[in-house]
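A.B. asks: Please find protein-v1.cif (mmCIF, C-alpha atoms and all ligand atoms) on the next line:
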data_model
#
loop_
_atom_site.label_atom_id
_atom_site.label_comp_id
_atom_site.auth_asym_id
_atom_site.auth_seq_id
_atom_site.Cartn_x
_atom_site.Cartn_y
_atom_site.Cartn_z
CA MET A 1 -114.51 -20.61 224.07
CA LEU A 2 -115.03 -21.26 220.41
CA ASP A 3 -112.66 -19.61 217.99
CA ARG A 4 -114.42 -19.72 214.71
CA THR A 5 -112.21 -18.74 211.81
CA ARG A 6 -114.44 -17.80 208.96
CA HIS A 7 -113.23 -17.92 205.40
CA GLY A 8 -114.30 -16.20 202.25
CA LEU A 9 -115.39 -12.90 203.75
CA GLY A 10 -114.38 -10.79 200.83
CA ARG A 11 -111.13 -10.99 198.91
CA GLY A 12 -110.13 -14.30 200.57
CA ARG A 13 -109.49 -12.75 203.98
CA ARG A 14 -110.09 -14.59 207.24
CA VAL A 15 -111.93 -13.02 210.15
CA ASN A 16 -111.61 -14.62 213.56
CA VAL A 17 -114.83 -14.67 215.53
CA LEU A 18 -114.42 -15.41 219.22
CA LEU A 19 -117.47 -16.73 221.04
CA PRO A 20 -117.21 -16.37 224.82
CA THR A 21 -119.99 -17.86 226.94
CA THR A 22 -119.56 -15.73 230.06
CA LEU A 23 -118.83 -12.04 230.66
CA ASP A 24 -115.63 -12.93 232.56
CA GLU A 25 -114.43 -14.94 229.60
CA ALA A 26 -115.19 -12.05 227.25
CA LEU A 27 -113.38 -9.54 229.46
CA GLY A 28 -110.39 -11.89 229.92
CA THR A 29 -110.14 -12.36 226.16
CA LEU A 30 -110.36 -8.63 225.50
CA ALA A 31 -107.66 -7.95 228.12
CA ALA A 32 -105.38 -10.67 226.70
CA LEU A 33 -105.73 -9.06 223.26
CA GLY A 34 -104.91 -5.61 224.69
CA GLY A 35 -108.39 -4.42 223.73
CA LYS A 36 -107.74 -5.28 220.10
CA ALA A 37 -111.01 -7.09 219.34
CA THR A 38 -114.30 -5.71 218.05
CA PRO A 39 -117.30 -6.45 220.28
CA VAL A 40 -120.34 -7.62 218.32
CA ALA A 41 -123.83 -7.49 219.84
CA GLY A 42 -126.62 -7.56 217.23
CA GLY A 43 -124.28 -6.66 214.37
CA THR A 44 -126.85 -4.32 212.82
CA ASP A 45 -124.39 -1.42 212.69
CA LEU A 46 -121.20 -3.41 212.24
CA PHE A 47 -122.37 -5.51 209.32
CA VAL A 48 -123.93 -2.79 207.21
CA HIS A 49 -122.17 -2.99 203.82
CA TRP A 50 -120.18 -5.89 205.29
CA PRO A 51 -118.94 -7.52 202.06
CA ASN A 52 -117.32 -4.22 201.08
CA HIS A 53 -115.93 -3.61 204.56
CA ALA A 54 -114.75 -7.11 205.51
CA HIS A 55 -111.25 -6.49 204.23
CA LYS A 56 -110.88 -3.62 206.74
CA GLN A 57 -111.49 -5.97 209.68
CA THR A 58 -107.94 -6.51 210.91
CA GLN A 59 -108.74 -7.68 214.44
CA PRO A 60 -110.85 -10.55 215.80
CA MET A 61 -114.52 -10.09 216.53
CA LEU A 62 -115.78 -10.79 220.03
CA ASP A 63 -119.34 -12.03 219.61
CA LEU A 64 -121.33 -11.35 222.79
CA SER A 65 -124.48 -13.07 221.58
CA GLY A 66 -123.56 -16.40 223.19
CA ILE A 67 -123.49 -14.97 226.74
CA PRO A 68 -126.98 -15.67 228.11
CA SER A 69 -126.53 -13.54 231.25
CA LEU A 70 -126.06 -10.39 229.15
CA ARG A 71 -129.38 -10.69 227.32
CA ALA A 72 -131.89 -10.42 230.15
CA HIS A 73 -133.21 -7.15 231.48
CA GLU A 74 -134.19 -6.88 235.09
CA TRP A 75 -136.40 -4.66 237.28
CA THR A 76 -135.05 -3.92 240.74
CA GLU A 77 -136.81 -1.78 243.34
CA SER A 78 -135.04 1.35 242.06
CA GLU A 79 -133.87 0.61 238.51
CA LEU A 80 -134.49 -1.00 235.16
CA ILE A 81 -131.25 -2.76 234.24
CA LEU A 82 -130.59 -3.53 230.57
CA GLY A 83 -128.05 -6.23 229.77
CA ALA A 84 -125.35 -5.65 227.18
CA THR A 85 -127.33 -7.59 224.59
CA THR A 86 -130.88 -6.59 225.59
CA THR A 87 -132.63 -5.70 222.33
CA TYR A 88 -135.27 -3.12 221.51
CA TRP A 89 -137.77 -5.91 221.04
CA ASP A 90 -137.08 -7.24 224.57
CA LEU A 91 -138.52 -3.97 225.93
CA ILE A 92 -141.26 -3.57 223.34
CA ARG A 93 -142.75 -6.91 224.42
CA ASP A 94 -142.39 -6.20 228.16
CA PRO A 95 -145.74 -4.77 229.37
CA ARG A 96 -144.02 -3.33 232.43
CA ALA A 97 -141.75 -1.21 230.22
CA GLN A 98 -144.77 0.06 228.30
CA ALA A 99 -146.58 0.95 231.54
CA GLU A 100 -143.69 2.53 233.40
CA MET A 101 -141.25 3.82 230.77
CA PRO A 102 -143.38 4.38 227.65
CA MET A 103 -140.78 6.71 226.15
CA LEU A 104 -138.22 3.91 225.94
CA VAL A 105 -140.73 1.72 224.14
CA ALA A 106 -141.73 4.59 221.83
CA ALA A 107 -138.07 5.12 220.91
CA ALA A 108 -137.52 1.39 220.39
CA ARG A 109 -140.43 1.25 217.97
CA THR A 110 -138.81 3.88 215.75
CA VAL A 111 -135.55 1.96 215.27
CA GLY A 112 -135.58 0.37 211.81
CA ALA A 113 -138.25 -2.31 211.42
CA THR A 114 -139.02 -5.45 213.41
CA GLN A 115 -135.94 -7.29 212.17
CA ILE A 116 -133.60 -4.56 213.43
CA GLN A 117 -135.59 -4.12 216.64
CA SER A 118 -135.24 -7.81 217.42
CA ARG A 119 -131.45 -7.92 216.90
CA GLY A 120 -130.23 -4.38 217.60
CA THR A 121 -129.21 -3.63 221.17
CA TRP A 122 -129.35 -0.55 223.40
CA ALA A 123 -125.63 -0.94 224.18
CA GLY A 124 -124.74 -1.16 220.48
CA ASN A 125 -126.69 2.05 219.88
CA ILE A 126 -124.60 3.80 222.56
CA VAL A 127 -121.17 2.59 221.39
CA ASN A 128 -121.89 3.12 217.71
CA ALA A 129 -122.12 6.76 218.83
CA SER A 130 -124.11 8.04 215.87
CA PRO A 131 -125.42 11.60 216.44
CA ALA A 132 -128.69 10.30 214.93
CA ALA A 133 -129.09 7.28 217.26
CA ASP A 134 -132.65 6.96 218.54
CA GLY A 135 -132.17 4.84 221.65
CA VAL A 136 -129.60 7.17 223.20
CA PRO A 137 -131.78 10.31 223.65
CA ALA A 138 -134.52 8.34 225.39
CA MET A 139 -132.03 6.68 227.76
CA MET A 140 -130.21 9.99 228.36
CA ALA A 141 -133.44 11.78 229.23
CA MET A 142 -134.05 9.07 231.82
CA ASP A 143 -130.64 9.59 233.47
CA ALA A 144 -129.22 6.26 232.31
CA VAL A 145 -125.90 5.15 233.74
CA ILE A 146 -123.56 2.85 231.83
CA GLU A 147 -121.55 0.16 233.58
CA LEU A 148 -118.25 -0.32 231.79
CA ALA A 149 -116.46 -3.51 232.82
CA ASP A 150 -112.94 -4.82 232.35
CA THR A 151 -110.90 -7.44 234.23
CA ASN A 152 -110.10 -4.89 236.95
CA GLY A 153 -113.72 -4.13 237.81
CA THR A 154 -116.64 -1.93 236.84
CA GLU A 155 -116.86 1.79 236.30
CA SER A 156 -120.18 3.67 236.19
CA ILE A 157 -120.58 6.67 233.87
CA ARG A 158 -123.67 8.75 233.31
CA LEU A 159 -124.75 8.54 229.67
CA ASP A 160 -124.94 12.35 229.49
CA GLU A 161 -121.20 12.46 230.34
CA PHE A 162 -120.10 9.58 228.11
CA TYR A 163 -119.48 11.30 224.76
CA LEU A 164 -116.41 13.45 224.23
CA GLY A 165 -116.86 14.40 220.56
CA TYR A 166 -117.95 12.86 217.26
CA LYS A 167 -117.57 9.07 217.74
CA GLN A 168 -115.34 9.78 220.76
CA MET A 169 -116.34 8.36 224.11
CA LYS A 170 -115.04 7.46 227.53
CA ARG A 171 -114.80 3.73 226.80
CA ARG A 172 -111.32 2.22 226.85
CA PRO A 173 -110.71 -0.52 224.25
CA GLU A 174 -110.51 -3.28 226.88
CA GLN A 175 -113.89 -2.29 228.37
CA LEU A 176 -117.32 -3.62 227.49
CA ILE A 177 -120.65 -2.12 228.36
CA ALA A 178 -121.89 -4.77 230.74
CA ARG A 179 -125.15 -3.13 231.84
CA ILE A 180 -127.19 0.05 231.50
CA ARG A 181 -129.05 1.22 234.60
CA ILE A 182 -132.14 3.40 234.28
CA PRO A 183 -133.66 4.87 237.47
CA ARG A 184 -137.33 4.21 238.21
CA THR A 185 -139.57 6.78 239.87
CA SER A 186 -140.32 6.04 243.51
CA ALA A 187 -143.98 5.38 242.68
CA HIS A 188 -142.99 3.12 239.76
CA LYS A 189 -145.05 5.08 237.30
CA PRO A 190 -144.10 7.17 234.27
CA ARG A 191 -142.35 10.44 234.98
CA ASP A 192 -144.63 13.52 235.19
CA PHE A 193 -144.06 14.03 231.47
CA GLU A 194 -142.25 11.94 228.86
CA SER A 195 -142.08 12.59 225.16
CA PHE A 196 -140.05 11.15 222.30
CA VAL A 197 -140.23 12.74 218.86
CA LYS A 198 -138.38 11.62 215.74
CA VAL A 199 -138.50 13.80 212.64
CA GLY A 200 -137.37 12.03 209.49
CA SER A 201 -138.26 11.86 205.83
CA ARG A 202 -140.89 9.24 206.70
CA ARG A 203 -142.57 8.09 209.90
CA ALA A 204 -140.66 4.79 209.81
CA GLN A 205 -137.45 3.38 208.40
CA ALA A 206 -135.76 6.76 208.20
CA ILE A 207 -132.67 8.33 209.71
CA THR A 208 -133.49 11.07 212.18
CA LYS A 209 -133.16 14.65 210.91
CA VAL A 210 -134.10 16.10 214.28
CA GLY A 211 -134.95 14.13 217.40
CA LEU A 212 -136.05 15.02 220.87
CA ALA A 213 -136.57 13.25 224.18
CA ILE A 214 -138.07 15.16 227.11
CA THR A 215 -138.72 14.11 230.68
CA ARG A 216 -140.09 16.11 233.57
CA GLN A 217 -140.20 15.07 237.21
CA GLY A 218 -141.46 18.03 239.24
CA ASP A 219 -139.13 20.94 238.44
CA ASP A 220 -136.43 18.64 237.15
CA TRP A 221 -136.29 18.62 233.34
CA ARG A 222 -134.27 16.73 230.79
CA VAL A 223 -134.34 17.94 227.19
CA VAL A 224 -132.16 15.78 224.93
CA ALA A 225 -131.71 16.36 221.20
CA ASN A 226 -130.17 14.19 218.50
CA SER A 227 -129.00 14.90 214.93
CA VAL A 228 -128.27 18.53 215.85
CA ALA A 229 -124.63 18.30 216.99
CA PRO A 230 -121.63 15.96 216.69
CA VAL A 231 -122.96 14.12 219.75
CA ILE A 232 -126.35 13.57 221.31
CA LEU A 233 -126.69 16.10 224.09
CA ARG A 234 -128.80 17.63 226.80
CA CYS A 235 -130.00 21.13 225.93
CA ARG A 236 -128.92 22.64 229.21
CA SER A 237 -129.88 26.25 228.41
CA VAL A 238 -133.40 25.10 227.58
CA GLU A 239 -133.51 23.03 230.75
CA LYS A 240 -132.51 26.13 232.76
CA MET A 241 -135.34 28.17 231.16
CA LEU A 242 -137.80 25.47 232.14
CA ALA A 243 -136.50 25.15 235.69
CA ALA A 244 -136.90 28.94 236.03
CA LYS A 245 -140.43 28.71 234.59
CA THR A 246 -139.56 31.40 232.05
CA SER A 247 -142.66 32.30 230.09
CA ILE A 248 -142.47 30.99 226.53
CA ALA A 249 -145.06 32.28 224.10
CA SER A 250 -143.77 31.05 220.77
CA PRO A 251 -141.01 28.87 219.26
CA ARG A 252 -139.02 32.10 218.78
CA ASP A 253 -138.63 32.42 222.53
CA LEU A 254 -136.63 29.21 222.48
CA TYR A 255 -134.19 30.20 219.72
CA GLU A 256 -131.54 31.85 221.89
CA ALA A 257 -131.31 28.89 224.27
CA ILE A 258 -131.41 26.34 221.46
CA HIS A 259 -128.74 28.24 219.57
CA ALA A 260 -126.50 28.11 222.64
CA ASP A 261 -127.06 24.37 223.06
CA ILE A 262 -126.76 22.83 219.61
CA ALA A 263 -124.34 22.87 216.66
CA PRO A 264 -126.17 21.44 213.64
CA ILE A 265 -124.60 20.94 210.22
CA ASP A 266 -125.81 20.99 206.63
CA ASP A 267 -125.77 17.52 205.13
CA ILE A 268 -127.56 15.40 202.56
CA ARG A 269 -130.64 15.07 204.80
CA SER A 270 -131.15 18.66 206.02
CA THR A 271 -129.68 22.10 206.45
CA ALA A 272 -128.50 23.36 209.82
CA ALA A 273 -131.12 26.15 209.67
CA TYR A 274 -133.90 23.62 209.05
CA ARG A 275 -132.79 21.48 211.98
CA GLU A 276 -132.73 24.46 214.34
CA HIS A 277 -136.11 25.73 213.16
CA VAL A 278 -137.76 22.31 213.44
CA LEU A 279 -136.25 21.66 216.85
CA ALA A 280 -137.66 24.96 218.17
CA ARG A 281 -141.14 24.23 216.87
CA VAL A 282 -141.29 20.59 217.94
CA LEU A 283 -139.90 21.47 221.36
CA PHE A 284 -142.36 24.34 221.80
CA TYR A 285 -145.43 22.24 221.06
CA GLU A 286 -144.22 19.34 223.22
CA LEU A 287 -143.54 21.72 226.12
CA ALA A 288 -146.99 23.26 225.71
CA ARG A 289 -148.38 19.83 226.58
CA ALA A 290 -146.12 19.56 229.60
CA CYS A 291 -146.48 22.86 231.47
CA ASP A 292 -148.71 25.91 231.66
CA TRP A 293 -146.07 28.62 231.23
CA VAL A 294 -145.53 27.56 227.64
CA GLU A 295 -148.62 28.72 225.82
CA ALA A 296 -149.34 27.14 222.47
CA GLY A 297 -152.45 29.29 222.06
CA ARG A 298 -150.31 32.41 221.72
CA ALA A 299 -147.84 30.90 219.30
CA ASP A 300 -147.44 32.07 215.73
CA ALA A 301 -148.81 29.64 213.18
C1 LIG B 401 -131.79 -1.18 208.14
C2 LIG B 401 -131.29 -0.50 209.41
C3 LIG B 401 -132.09 0.44 210.02
C4 LIG B 401 -131.64 1.08 211.17
N1 LIG B 401 -132.45 2.02 211.75
C5 LIG B 401 -132.03 2.67 212.86
C6 LIG B 401 -132.87 3.66 213.46
O1 LIG B 401 -133.98 3.96 213.00
N2 LIG B 401 -132.40 4.28 214.59
C7 LIG B 401 -131.18 3.97 215.14
O2 LIG B 401 -130.81 4.56 216.16
N3 LIG B 401 -130.38 3.03 214.58
C8 LIG B 401 -130.77 2.37 213.48
N4 LIG B 401 -129.96 1.43 212.90
C9 LIG B 401 -128.65 1.18 213.48
C10 LIG B 401 -128.58 0.00 214.51
O3 LIG B 401 -129.59 -0.95 214.27
C11 LIG B 401 -128.66 0.44 215.97
O4 LIG B 401 -127.69 1.44 216.26
C12 LIG B 401 -128.50 -0.72 216.95
O5 LIG B 401 -128.86 -0.31 218.24
C13 LIG B 401 -127.06 -1.25 216.99
O6 LIG B 401 -127.01 -2.31 217.93
P1 LIG B 401 -126.24 -3.67 217.60
O7 LIG B 401 -126.40 -4.55 218.77
O8 LIG B 401 -126.67 -4.24 216.30
O9 LIG B 401 -124.73 -3.11 217.49
P2 LIG B 401 -123.48 -3.76 216.75
O10 LIG B 401 -123.58 -3.55 215.29
O11 LIG B 401 -123.26 -5.15 217.23
O12 LIG B 401 -122.33 -2.85 217.38
C14 LIG B 401 -122.34 -1.43 217.22
C15 LIG B 401 -121.09 -0.86 217.91
O13 LIG B 401 -121.14 -1.08 219.31
C16 LIG B 401 -120.03 -1.86 219.76
N5 LIG B 401 -120.57 -2.68 220.85
C17 LIG B 401 -121.70 -3.43 220.81
N6 LIG B 401 -121.96 -3.92 222.03
C18 LIG B 401 -120.97 -3.49 222.85
C19 LIG B 401 -120.69 -3.66 224.25
N7 LIG B 401 -121.50 -4.37 225.06
N8 LIG B 401 -119.60 -3.06 224.77
C20 LIG B 401 -118.79 -2.31 223.98
N9 LIG B 401 -119.00 -2.12 222.67
C21 LIG B 401 -120.09 -2.69 222.11
C22 LIG B 401 -119.54 -2.60 218.53
O14 LIG B 401 -118.16 -2.96 218.61
C23 LIG B 401 -119.79 -1.55 217.45
O15 LIG B 401 -118.76 -0.59 217.49
C24 LIG B 401 -130.37 0.75 211.73
C25 LIG B 401 -129.57 -0.22 211.12
C26 LIG B 401 -130.02 -0.84 209.97
C27 LIG B 401 -129.15 -1.89 209.31
#
Could you write out this file's structure as structure tokens?

C.D. replies:
Amino acid sequence: MLDRTRHGLGRGRRVNVLLPTTLDEALGTLAALGGKATPVAGGTDLFVHWPNHAHKQTQPMLDLSGIPSLRAHEWTESELILGATTTYWDLIRDPRAQAEMPMLVAAARTVGATQIQSRGTWAGNIVNASPAADGVPAMMAMDAVIELADTNGTESIRLDEFYLGYKQMKRRPEQLIARIRIPRTSAHKPRDFESFVKVGSRRAQAITKVGLAITRQGDDWRVVANSVAPVILRCRSVEKMLAAKTSIASPRDLYEAIHADIAPIDDIRSTAAYREHVLARVLFYELARACDWVEAGRADA
């Protein structure tokens, strides 16, 4: 394994960059360091404002980009499996992903611009744990499962059970996300309904103010929202309303359930009230496309 000591990264500090070539080597290195190394995938989160932050980097970086086996994604009979360094662009250019999981591709297309899409990874989006992340809601609405690996083996955790609080998650420091598994439908076609909506200041190159990913397979619904709580979450009260086929005649009918599910804040991008209001309206009109007991025709303007 290469140990590249880089000089001159701000105020004369040195940052060690370790370059394993296999997953076992990466896990062994992380274990030997007691988890005290920073995994780097695409670096598009880690290196934002890097010159100003370099002096805070007190531990080595573990660059995963030189491990070829982590890059590929794979279709098995029952799952799409993303490697730890599979990028957004890897899925955007896969026609099978577009045909079978269009929501994932739609989400990928909203992440930054082409440069970010071609370097940024799905795993990095999960571990960065931003409440505004755009890849996470799409994966969560598709029941993604994360495989966390260390030298003792692999542990599988559902993405909707991974976050514990703001930037808190069930990953131990000596673990890496090795793979992300996304179930396919038995007929290998899109779910009965899939929708990804990102509301930002602009259609592209904007941080999400309110985001939504919805899937429906029969009576089984997933409604996932981002930028409306400290973590990205499933709106379980809304999901229960949908499973019960509760009649919904206007966005107002969703307020009580939404209020129970989310905990938005006021910040520089939006107020909490705005986020809640927009989520109700966007959700209502998306649901009206997905089922006949939500009636857009009766909604207030
Ligand atoms: C200009 C710009 C625009 C952006 N636009 C968007 C946007 O629209 N939507 C959006 O969601 N994000 C956006 N981002 C943020 C970023 O691109 C994404 O979150 C991306 O998915 C991060 O992936 P990465 O591989 O670059 O992560 P990195 O920066 O390499 O890592 C991010 C975090 O994950 C950890 N990590 C990475 N891989 C692993 C692993 N396998 N196991 C354990 N830990 C790991 C790292 O240690 C770090 O803590 C933007 C960033 C920039 C610079």

A.B. asks: Please define a box with edges along x, y and z of the file around all atoms of ligand LIG 401 (chain B) given in the file, extend it by 4 Å on each side, and return its centre and edge lengths in Å to one decimal, as lines of an AutoDock Vina configuration file.

C.D. replies:
center_x = -126.1
center_y = -0.3
center_z = 216.6
size_x = 23.8
size_y = 17.7
size_z = 24.9

A.B. asks: Let me have all residues with an atom within 8 Å of ligand LIG 401 (chain B), counting only C-alpha atoms and all ligand atoms, laid out as a PyMOL selection string.

C.D. replies: chain A and resi 38-48+64+84-85+87-88+110-113+116-117+119-130+132-136+148+171+175-179+204-208

A.B. asks: Using all atoms listed in the file, determine which residues lie at most 7 Å from stretch 66-73 of chain A, disregarding the query and same-chain residues fewer than 3 positions distant; provide the list as a PyMOL selection string.

C.D. replies: chain A and resi 19-23+81-86

A.B. asks: Rank A:Arg109, A:His55, A:Asp292, A:Glu77 by their smallest atom-to-atom distance to A:Ala187, using all atoms listed in the file, and report the top residue only.

C.D. replies: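 Checking each of A:Arg109, A:His55, A:Asp292, A:Glu77 against A:Ala187, counting all atoms listed in the file, the winner is A:Glu77.
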
A.B. asks: Between atom CA of A:Ser250 and atom CA of A:Val294, what distance in Å does the model show, to one decimal?

C.D. replies: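 Going from atom CA of A:Ser250 over to atom CA of A:Val294 covers 7.9 Å.
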
A.B. asks: Interatomic distance between atom CA of A:Ala54 and atom CA of A:Ser227?

C.D. replies: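 Computing it gives 27.9 Å between the two atoms.
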
A.B. asks: Can you work out the spacing between atom CA of A:Val238 and atom CA of A:Arg184 in Å, to one decimal?

C.D. replies: 23.8 Å

A.B. asks: Excluding same-chain residues fewer than 6 positions from A:Thr271, what lies within 12 Å of it counting only C-alpha atoms, as a count of residues only?

C.D. replies: 9

A.B. asks: Looking at only C-alpha atoms, which of A:Arg275, A:Cys291, A:Lys167, A:Val282 is the one that sits closest to A:Gly218?

C.D. replies: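 Checking each candidate against A:Gly218, we get A:Cys291 as the closest.
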
A.B. asks: Calculated over all atoms listed in the file, which of the candidates A:Gly35, A:Pro102, A:Gly28, A:Pro230 has the smallest distance to A:Ile262?

C.D. replies: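 Nearest candidate to A:Ile262 out of A:Gly35, A:Pro102, A:Gly28, A:Pro230: A:Pro230.
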
A.B. asks: Nearest to A:Phe284 among A:Ser247, A:Gln59, A:Ser65, A:Gln98, with distances taken over all atoms listed in the file: which residue is it?

C.D. replies: A:Ser247

A.B. asks: Which one of A:Lys245, A:Arg203, A:His259, A:Arg222 sits closest to A:Met140 if you count all atoms listed in the file?

C.D. replies: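 Under the stated criterion, the closest residue is A:Arg222.
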
A.B. asks: Please rebuild stretch 153-181 of chain A with N, CA and C atoms and return the result as a compact mmCIF listing (two decimals), in the coordinates of the input.

C.D. replies:
# COMPACT_ATOMS: atom_id res chain seq x y z
N GLY A 153 -112.50 -4.51 237.10
CA GLY A 153 -113.72 -4.13 237.81
C GLY A 153 -114.67 -3.36 236.92
N THR A 154 -115.57 -2.63 237.58
CA THR A 154 -116.64 -1.93 236.84
C THR A 154 -116.63 -0.45 237.18
N GLU A 155 -116.84 0.34 236.15
CA GLU A 155 -116.86 1.79 236.30
C GLU A 155 -118.24 2.27 235.83
N SER A 156 -118.86 3.16 236.59
CA SER A 156 -120.18 3.67 236.19
C SER A 156 -120.04 5.09 235.63
N ILE A 157 -120.63 5.34 234.48
CA ILE A 157 -120.58 6.67 233.87
C ILE A 157 -121.98 7.06 233.42
N ARG A 158 -122.37 8.27 233.78
CA ARG A 158 -123.67 8.75 233.31
C ARG A 158 -123.63 8.87 231.78
N LEU A 159 -124.72 8.47 231.14
CA LEU A 159 -124.75 8.54 229.67
C LEU A 159 -124.57 9.98 229.19
N ASP A 160 -125.08 10.96 229.95
CA ASP A 160 -124.94 12.35 229.49
C ASP A 160 -123.51 12.89 229.68
N GLU A 161 -122.62 12.06 230.22
CA GLU A 161 -121.20 12.46 230.34
C GLU A 161 -120.30 11.53 229.56
N PHE A 162 -120.87 10.66 228.76
CA PHE A 162 -120.10 9.58 228.11
C PHE A 162 -119.40 10.04 226.83
N TYR A 163 -120.04 10.93 226.06
CA TYR A 163 -119.48 11.30 224.76
C TYR A 163 -118.54 12.50 224.88
N LEU A 164 -117.42 12.40 224.17
CA LEU A 164 -116.41 13.45 224.23
C LEU A 164 -116.39 14.28 222.95
N GLY A 165 -116.85 13.73 221.86
CA GLY A 165 -116.86 14.40 220.56
C GLY A 165 -117.39 13.38 219.56
N TYR A 166 -117.38 13.76 218.28
CA TYR A 166 -117.95 12.86 217.26
C TYR A 166 -117.27 11.48 217.32
N LYS A 167 -118.04 10.45 217.64
CA LYS A 167 -117.57 9.07 217.74
C LYS A 167 -116.46 8.89 218.78
N GLN A 168 -116.32 9.88 219.67
CA GLN A 168 -115.34 9.78 220.76
C GLN A 168 -116.10 9.57 222.06
N MET A 169 -115.62 8.61 222.86
CA MET A 169 -116.34 8.36 224.11
C MET A 169 -115.39 7.88 225.18
N LYS A 170 -115.91 7.79 226.40
CA LYS A 170 -115.04 7.46 227.53
C LYS A 170 -114.87 5.95 227.71
N ARG A 171 -115.01 5.18 226.68
CA ARG A 171 -114.80 3.73 226.80
C ARG A 171 -113.38 3.39 226.37
N ARG A 172 -112.65 2.70 227.25
CA ARG A 172 -111.32 2.22 226.85
C ARG A 172 -111.49 0.93 226.05
N PRO A 173 -110.52 0.62 225.16
CA PRO A 173 -110.71 -0.52 224.25
C PRO A 173 -110.91 -1.86 224.96
N GLU A 174 -110.37 -1.99 226.19
CA GLU A 174 -110.51 -3.28 226.88
C GLU A 174 -111.80 -3.34 227.72
N GLN A 175 -112.62 -2.30 227.61
CA GLN A 175 -113.89 -2.29 228.37
C GLN A 175 -115.07 -2.68 227.48
N LEU A 176 -116.02 -3.34 228.13
CA LEU A 176 -117.32 -3.62 227.49
C LEU A 176 -118.41 -2.92 228.29
N ILE A 177 -119.45 -2.49 227.60
CA ILE A 177 -120.65 -2.12 228.36
C ILE A 177 -121.24 -3.42 228.87
N ALA A 178 -121.31 -3.55 230.18
CA ALA A 178 -121.89 -4.77 230.74
C ALA A 178 -123.38 -4.59 231.01
N ARG A 179 -123.75 -3.40 231.49
CA ARG A 179 -125.15 -3.13 231.84
C ARG A 179 -125.45 -1.66 231.67
N ILE A 180 -126.72 -1.35 231.53
CA ILE A 180 -127.19 0.05 231.50
C ILE A 180 -128.27 0.15 232.57
N ARG A 181 -128.09 1.09 233.49
CA ARG A 181 -129.05 1.22 234.60
C ARG A 181 -129.91 2.45 234.41
